[in-house]
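Q: mmCIF, C-alpha atoms, pLDDT in the B column; chains and numbers go by the auth columns, file target11.cif:
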```
data_coords
#
loop_
_atom_site.group_PDB
_atom_site.id
_atom_site.type_symbol
_atom_site.label_atom_id
_atom_site.label_comp_id
_atom_site.label_asym_id
_atom_site.label_seq_id
_atom_site.Cartn_x
_atom_site.Cartn_y
_atom_site.Cartn_z
_atom_site.B_iso_or_equiv
_atom_site.auth_seq_id
_atom_site.auth_asym_id
ATOM 1 C CA MET A 1 0.000 0.000 0.000 50.00 1 X
ATOM 2 C CA ASN A 2 3.047 2.304 0.006 65.00 2 X
ATOM 3 C CA GLY A 3 2.205 3.742 3.425 73.00 3 X
ATOM 4 C CA THR A 4 -1.254 4.954 2.420 81.00 4 X
ATOM 5 C CA LEU A 5 -4.282 4.571 4.657 81.00 5 X
ATOM 6 C CA GLN A 6 -7.478 3.262 3.117 84.00 6 X
ATOM 7 C CA ILE A 7 -10.754 4.428 4.615 88.00 7 X
ATOM 8 C CA ALA A 8 -14.467 3.956 3.999 86.00 8 X
ATOM 9 C CA VAL A 9 -16.902 6.860 4.202 91.00 9 X
ATOM 10 C CA LYS A 10 -20.570 6.405 5.062 89.00 10 X
ATOM 11 C CA ARG A 11 -22.865 9.243 4.008 91.00 11 X
ATOM 12 C CA LEU A 12 -26.262 9.856 5.585 86.00 12 X
ATOM 13 C CA LYS A 13 -28.757 9.730 2.715 84.00 13 X
ATOM 14 C CA THR A 14 -31.670 11.625 4.219 82.00 14 X
ATOM 15 C CA MET A 15 -31.799 14.237 6.920 83.00 15 X
ATOM 16 C CA THR A 16 -34.677 13.102 9.105 87.00 16 X
ATOM 17 C CA ALA A 17 -34.834 13.379 12.877 89.00 17 X
ATOM 18 C CA LYS A 18 -34.498 9.592 13.166 89.00 18 X
ATOM 19 C CA ALA A 19 -31.489 9.457 10.827 88.00 19 X
ATOM 20 C CA GLU A 20 -29.840 12.332 12.691 89.00 20 X
ATOM 21 C CA MET A 21 -30.317 10.536 16.013 89.00 21 X
ATOM 22 C CA GLU A 22 -28.929 7.260 14.596 87.00 22 X
ATOM 23 C CA PHE A 23 -25.913 9.160 13.249 89.00 23 X
ATOM 24 C CA ALA A 24 -25.234 10.719 16.658 89.00 24 X
ATOM 25 C CA VAL A 25 -25.566 7.380 18.466 85.00 25 X
ATOM 26 C CA GLU A 26 -23.306 5.605 15.969 84.00 26 X
ATOM 27 C CA VAL A 27 -20.607 8.258 16.281 88.00 27 X
ATOM 28 C CA GLU A 28 -20.831 8.292 20.082 84.00 28 X
ATOM 29 C CA VAL A 29 -20.743 4.525 20.533 78.00 29 X
ATOM 30 C CA LEU A 30 -18.048 3.787 17.954 80.00 30 X
ATOM 31 C CA GLY A 31 -16.009 6.712 19.220 81.00 31 X
ATOM 32 C CA ARG A 32 -15.833 5.172 22.689 77.00 32 X
ATOM 33 C CA VAL A 33 -15.410 1.455 22.046 73.00 33 X
ATOM 34 C CA ARG A 34 -12.455 -0.493 20.738 75.00 34 X
ATOM 35 C CA HIS A 35 -13.009 -4.152 19.916 70.00 35 X
ATOM 36 C CA LYS A 36 -11.467 -6.579 17.439 72.00 36 X
ATOM 37 C CA ASN A 37 -14.895 -7.348 15.953 66.00 37 X
ATOM 38 C CA LEU A 38 -15.939 -3.737 15.359 71.00 38 X
ATOM 39 C CA LEU A 39 -14.850 -1.332 12.671 74.00 39 X
ATOM 40 C CA GLY A 40 -12.668 1.474 13.921 77.00 40 X
ATOM 41 C CA LEU A 41 -14.107 4.983 13.753 86.00 41 X
ATOM 42 C CA ARG A 42 -11.593 7.365 12.182 90.00 42 X
ATOM 43 C CA GLY A 43 -13.715 10.489 12.311 91.00 43 X
ATOM 44 C CA PHE A 44 -16.946 12.159 11.319 93.00 44 X
ATOM 45 C CA TYR A 45 -18.268 15.361 9.773 94.00 45 X
ATOM 46 C CA ALA A 46 -21.538 17.093 10.578 92.00 46 X
ATOM 47 C CA GLY A 47 -22.100 20.389 8.807 90.00 47 X
ATOM 48 C CA GLY A 48 -25.223 21.832 7.250 87.00 48 X
ATOM 49 C CA ASP A 49 -27.175 18.944 5.737 86.00 49 X
ATOM 50 C CA GLU A 50 -24.079 16.743 5.328 90.00 50 X
ATOM 51 C CA ARG A 51 -23.310 13.859 7.699 93.00 51 X
ATOM 52 C CA LEU A 52 -20.288 11.618 7.088 94.00 52 X
ATOM 53 C CA ILE A 53 -18.706 8.847 9.155 91.00 53 X
ATOM 54 C CA VAL A 54 -15.159 7.724 8.366 92.00 54 X
ATOM 55 C CA TYR A 55 -14.248 4.113 9.178 87.00 55 X
ATOM 56 C CA ASP A 56 -11.286 1.853 8.726 83.00 56 X
ATOM 57 C CA TYR A 57 -11.514 0.180 5.326 82.00 57 X
ATOM 58 C CA MET A 58 -12.484 -3.525 5.197 77.00 58 X
ATOM 59 C CA PRO A 59 -10.254 -5.018 2.480 76.00 59 X
ATOM 60 C CA ASN A 60 -12.166 -8.319 2.473 75.00 60 X
ATOM 61 C CA HIS A 61 -15.546 -6.607 2.060 72.00 61 X
ATOM 62 C CA SER A 62 -18.484 -7.027 4.398 73.00 62 X
ATOM 63 C CA LEU A 63 -20.066 -10.267 5.514 73.00 63 X
ATOM 64 C CA LEU A 64 -23.285 -9.157 3.808 74.00 64 X
ATOM 65 C CA ASN A 65 -21.406 -8.881 0.505 74.00 65 X
ATOM 66 C CA HIS A 66 -19.985 -12.405 0.931 70.00 66 X
ATOM 67 C CA LEU A 67 -23.320 -13.978 1.787 75.00 67 X
ATOM 68 C CA HIS A 68 -25.781 -12.073 -0.401 75.00 68 X
ATOM 69 C CA GLY A 69 -23.896 -9.644 -2.619 71.00 69 X
ATOM 70 C CA GLN A 70 -21.458 -9.698 -5.501 72.00 70 X
ATOM 71 C CA LEU A 71 -19.181 -12.212 -3.774 71.00 71 X
ATOM 72 C CA ALA A 72 -21.946 -14.675 -2.833 68.00 72 X
ATOM 73 C CA THR A 73 -21.301 -16.998 -5.791 71.00 73 X
ATOM 74 C CA ASP A 74 -17.634 -17.303 -4.772 71.00 74 X
ATOM 75 C CA CYS A 75 -18.419 -17.591 -1.059 70.00 75 X
ATOM 76 C CA LEU A 76 -16.578 -20.491 0.521 72.00 76 X
ATOM 77 C CA LEU A 77 -17.905 -20.155 4.048 73.00 77 X
ATOM 78 C CA ASP A 78 -18.449 -23.605 5.502 80.00 78 X
ATOM 79 C CA TRP A 79 -20.547 -24.007 8.657 85.00 79 X
ATOM 80 C CA PRO A 80 -17.639 -23.938 11.135 89.00 80 X
ATOM 81 C CA ARG A 81 -16.446 -20.650 9.583 83.00 81 X
ATOM 82 C CA ARG A 82 -19.991 -19.230 9.659 83.00 82 X
ATOM 83 C CA MET A 83 -20.299 -20.175 13.351 90.00 83 X
ATOM 84 C CA SER A 84 -16.987 -18.474 14.082 89.00 84 X
ATOM 85 C CA ILE A 85 -18.229 -15.313 12.353 84.00 85 X
ATOM 86 C CA ALA A 86 -21.540 -15.441 14.256 88.00 86 X
ATOM 87 C CA ILE A 87 -19.736 -15.840 17.582 91.00 87 X
ATOM 88 C CA GLY A 88 -17.399 -12.948 16.752 86.00 88 X
ATOM 89 C CA ALA A 89 -20.357 -10.738 15.829 84.00 89 X
ATOM 90 C CA ALA A 90 -22.116 -11.702 19.071 88.00 90 X
ATOM 91 C CA GLU A 91 -18.977 -10.836 21.065 85.00 91 X
ATOM 92 C CA GLY A 92 -18.868 -7.417 19.399 80.00 92 X
ATOM 93 C CA LEU A 93 -22.541 -6.789 20.184 81.00 93 X
ATOM 94 C CA VAL A 94 -22.134 -7.833 23.811 84.00 94 X
ATOM 95 C CA TYR A 95 -19.171 -5.488 24.104 79.00 95 X
ATOM 96 C CA VAL A 96 -21.097 -2.558 22.612 75.00 96 X
ATOM 97 C CA LEU A 97 -24.138 -3.210 24.791 78.00 97 X
ATOM 98 C CA LEU A 98 -22.264 -3.823 28.039 77.00 98 X
ATOM 99 C CA SER A 99 -19.441 -1.277 27.780 69.00 99 X
ATOM 100 C CA PRO A 100 -21.648 1.654 28.916 63.00 100 X
ATOM 101 C CA LEU A 101 -22.675 -0.386 31.977 59.00 101 X
ATOM 102 C CA LEU A 102 -19.072 -1.277 32.756 55.00 102 X
ATOM 103 C CA ASN A 103 -18.091 2.400 32.530 58.00 103 X
ATOM 104 C CA LEU A 104 -20.818 3.295 35.038 50.00 104 X
ATOM 105 C CA LEU A 105 -19.559 0.675 37.496 50.00 105 X
ATOM 106 C CA SER A 106 -15.926 1.716 37.331 49.00 106 X
#
```
Go through the file and emit its structure as structure tokens.
A:
Amino acid sequence: MNGTLQIAVKRLKTMTAKAEMEFAVEVEVLGRVRHKNLLGLRGFYAGGDERLIVYDYMPNHSLLNHLHGQLATDCLLDWPRRMSIAIGAAEGLVYVLLSPLLNLLS
């Protein structure tokens, strides 16, 4: 990669109250947590009607893309691998859901 950093940018499509709230929650949660099964938040932009979230880039694409997208026909995920992915996703969710509680207790 010659020392370059690849990123992914997520753009909020519509500016509704619900979308704005989801944007704020996503930025707040991902800004506070660090876990091997979660994408890293690099930054965000909120100005005017523009909302952007900058993540670490996933070079192997998303799980959704492997299971149902362009890569689905080439998907070689056997059941043990799928279970490993499901367990990793569950660990990430538990971390996100419990980390605010752990911060309150400490």
Q: Can you list, as a VMD selection string, the residues that the PyMOL selection byres ((chain X and resi 59-65) around 10) selects here?
A: chain X and resid 6 to 7 56 to 58 66 to 72 75 82 85
Q: Could you check how far CA of Gly40 in chain X sits from CA of Val54 in chain X, in Å to one decimal?
A: 8.7 Å
Q: As lines of an AutoDock Vina configuration file, please report the centre and edge lengths, rounded to one decimal in Å, of the axis-aligned box that holds all listed atoms of range 18-28 of chain X with 3 Å of padding on each of the six sides.
A:
```
center_x = -27.6
center_y = 9.0
center_z = 15.5
size_x = 19.9
size_y = 12.7
size_z = 15.3
```
Q: Would you mind listing what lies within 12 Å of Glu20 in chain X as a list in words, with all atoms listed in the file counted and same-chain residues fewer than 2 positions away left out?
A: Arg11, Leu12, Lys13, Thr14, Met15, Thr16, Ala17, Lys18, Glu22, Phe23, Ala24, Val25, Glu26, Val27, Ala46, Gly47, Gly48, Asp49, Glu50, Arg51 and Leu52 of chain X
Q: So that I can see what lies close to Leu93 in chain X, please list as a PDB file with C-alpha atoms, in the coordinates of the input the residues with an atom at most 12 Å from it, counting only C-alpha atoms and leaving out residues fewer than 5 positions away in the same chain.
A:
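Once everything was written out, this is around39.pdb:
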```
ATOM      1  CA  VAL X  29     -20.743   4.525  20.533  1.00 78.00           C
ATOM      2  CA  LEU X  30     -18.048   3.787  17.954  1.00 80.00           C
ATOM      3  CA  VAL X  33     -15.410   1.455  22.046  1.00 73.00           C
ATOM      4  CA  ARG X  34     -12.455  -0.493  20.738  1.00 75.00           C
ATOM      5  CA  HIS X  35     -13.009  -4.152  19.916  1.00 70.00           C
ATOM      6  CA  LYS X  36     -11.467  -6.579  17.439  1.00 72.00           C
ATOM      7  CA  ASN X  37     -14.895  -7.348  15.953  1.00 66.00           C
ATOM      8  CA  LEU X  38     -15.939  -3.737  15.359  1.00 71.00           C
ATOM      9  CA  ALA X  86     -21.540 -15.441  14.256  1.00 88.00           C
ATOM     10  CA  ILE X  87     -19.736 -15.840  17.582  1.00 91.00           C
ATOM     11  CA  GLY X  88     -17.399 -12.948  16.752  1.00 86.00           C
ATOM     12  CA  LEU X  98     -22.264  -3.823  28.039  1.00 77.00           C
ATOM     13  CA  SER X  99     -19.441  -1.277  27.780  1.00 69.00           C
TER      14      SER X  99
END
```
Q: Go through X:Thr73, X:Gly31, X:Tyr55, X:Arg42 and flag the residue nearest Ala8 in chain X, using only C-alpha atoms for the distances.
A: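 Among the listed residues, the smallest separation from Ala8 in chain X belongs to X:Tyr55.
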Q: Work out how far CA of Val96 in chain X is from CA of Phe44 in chain X, in Å to one decimal.
A: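 Distance reported for this atom pair: 19.0 Å.
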Q: Given the choices X:Leu41, X:Asp78, X:Arg32, X:Ile53, which gets closest to Val9 in chain X if the distance is worked out from all atoms listed in the file?
A: X:Ile53
Q: For CA of Ala19 in chain X and CA of Gly43 in chain X, quote the distance in Å rounded to one decimal.
A: 17.9 Å
Q: Which residue, X:Leu76, X:Arg81, X:Tyr45, X:Leu97, has the smallest gap to Lys10 in chain X when you use only C-alpha atoms?
A: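 Among X:Leu76, X:Arg81, X:Tyr45, X:Leu97, it is X:Tyr45 that comes nearest to Lys10 in chain X.
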Q: Using the atoms already present, construct N, CA and C atoms for range 39-54 of chain X and hand them back as a PDB file, in the frame of the given file.
A:
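Wrote it out as out-v2.pdb, contents follow:
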```pdb
ATOM      1  N   LEU X  39     -15.622  -2.259  13.500  1.00 74.00           N
ATOM      2  CA  LEU X  39     -14.850  -1.332  12.671  1.00 74.00           C
ATOM      3  C   LEU X  39     -14.378  -0.160  13.510  1.00 74.00           C
ATOM      4  N   GLY X  40     -13.178   0.306  13.226  1.00 77.00           N
ATOM      5  CA  GLY X  40     -12.668   1.474  13.921  1.00 77.00           C
ATOM      6  C   GLY X  40     -13.230   2.760  13.323  1.00 77.00           C
ATOM      7  N   LEU X  41     -13.626   3.669  14.186  1.00 86.00           N
ATOM      8  CA  LEU X  41     -14.107   4.983  13.753  1.00 86.00           C
ATOM      9  C   LEU X  41     -12.902   5.899  13.611  1.00 86.00           C
ATOM     10  N   ARG X  42     -12.705   6.447  12.438  1.00 90.00           N
ATOM     11  CA  ARG X  42     -11.593   7.365  12.182  1.00 90.00           C
ATOM     12  C   ARG X  42     -11.991   8.815  12.409  1.00 90.00           C
ATOM     13  N   GLY X  43     -13.250   9.117  12.138  1.00 91.00           N
ATOM     14  CA  GLY X  43     -13.715  10.489  12.311  1.00 91.00           C
ATOM     15  C   GLY X  43     -15.108  10.653  11.747  1.00 91.00           C
ATOM     16  N   PHE X  44     -15.623  11.868  11.861  1.00 93.00           N
ATOM     17  CA  PHE X  44     -16.946  12.159  11.319  1.00 93.00           C
ATOM     18  C   PHE X  44     -17.019  13.638  10.954  1.00 93.00           C
ATOM     19  N   TYR X  45     -18.019  13.967  10.162  1.00 94.00           N
ATOM     20  CA  TYR X  45     -18.268  15.361   9.773  1.00 94.00           C
ATOM     21  C   TYR X  45     -19.765  15.602   9.852  1.00 94.00           C
ATOM     22  N   ALA X  46     -20.140  16.690  10.497  1.00 92.00           N
ATOM     23  CA  ALA X  46     -21.538  17.093  10.578  1.00 92.00           C
ATOM     24  C   ALA X  46     -21.598  18.596  10.345  1.00 92.00           C
ATOM     25  N   GLY X  47     -22.001  18.976   9.148  1.00 90.00           N
ATOM     26  CA  GLY X  47     -22.100  20.389   8.807  1.00 90.00           C
ATOM     27  C   GLY X  47     -23.231  20.607   7.833  1.00 90.00           C
ATOM     28  N   GLY X  48     -24.076  21.588   8.114  1.00 87.00           N
ATOM     29  CA  GLY X  48     -25.223  21.832   7.250  1.00 87.00           C
ATOM     30  C   GLY X  48     -26.087  20.595   7.168  1.00 87.00           C
ATOM     31  N   ASP X  49     -26.375  20.157   5.945  1.00 86.00           N
ATOM     32  CA  ASP X  49     -27.175  18.944   5.737  1.00 86.00           C
ATOM     33  C   ASP X  49     -26.309  17.727   5.425  1.00 86.00           C
ATOM     34  N   GLU X  50     -25.019  17.828   5.646  1.00 90.00           N
ATOM     35  CA  GLU X  50     -24.079  16.743   5.328  1.00 90.00           C
ATOM     36  C   GLU X  50     -23.658  16.033   6.607  1.00 90.00           C
ATOM     37  N   ARG X  51     -23.750  14.689   6.584  1.00 93.00           N
ATOM     38  CA  ARG X  51     -23.310  13.859   7.699  1.00 93.00           C
ATOM     39  C   ARG X  51     -22.464  12.719   7.132  1.00 93.00           C
ATOM     40  N   LEU X  52     -21.211  12.639   7.567  1.00 94.00           N
ATOM     41  CA  LEU X  52     -20.288  11.618   7.088  1.00 94.00           C
ATOM     42  C   LEU X  52     -19.640  10.916   8.280  1.00 94.00           C
ATOM     43  N   ILE X  53     -19.442   9.618   8.157  1.00 91.00           N
ATOM     44  CA  ILE X  53     -18.706   8.847   9.155  1.00 91.00           C
ATOM     45  C   ILE X  53     -17.557   8.165   8.427  1.00 91.00           C
ATOM     46  N   VAL X  54     -16.356   8.296   8.974  1.00 92.00           N
ATOM     47  CA  VAL X  54     -15.159   7.724   8.366  1.00 92.00           C
ATOM     48  C   VAL X  54     -14.704   6.528   9.198  1.00 92.00           C
TER      49      VAL X  54
END
```
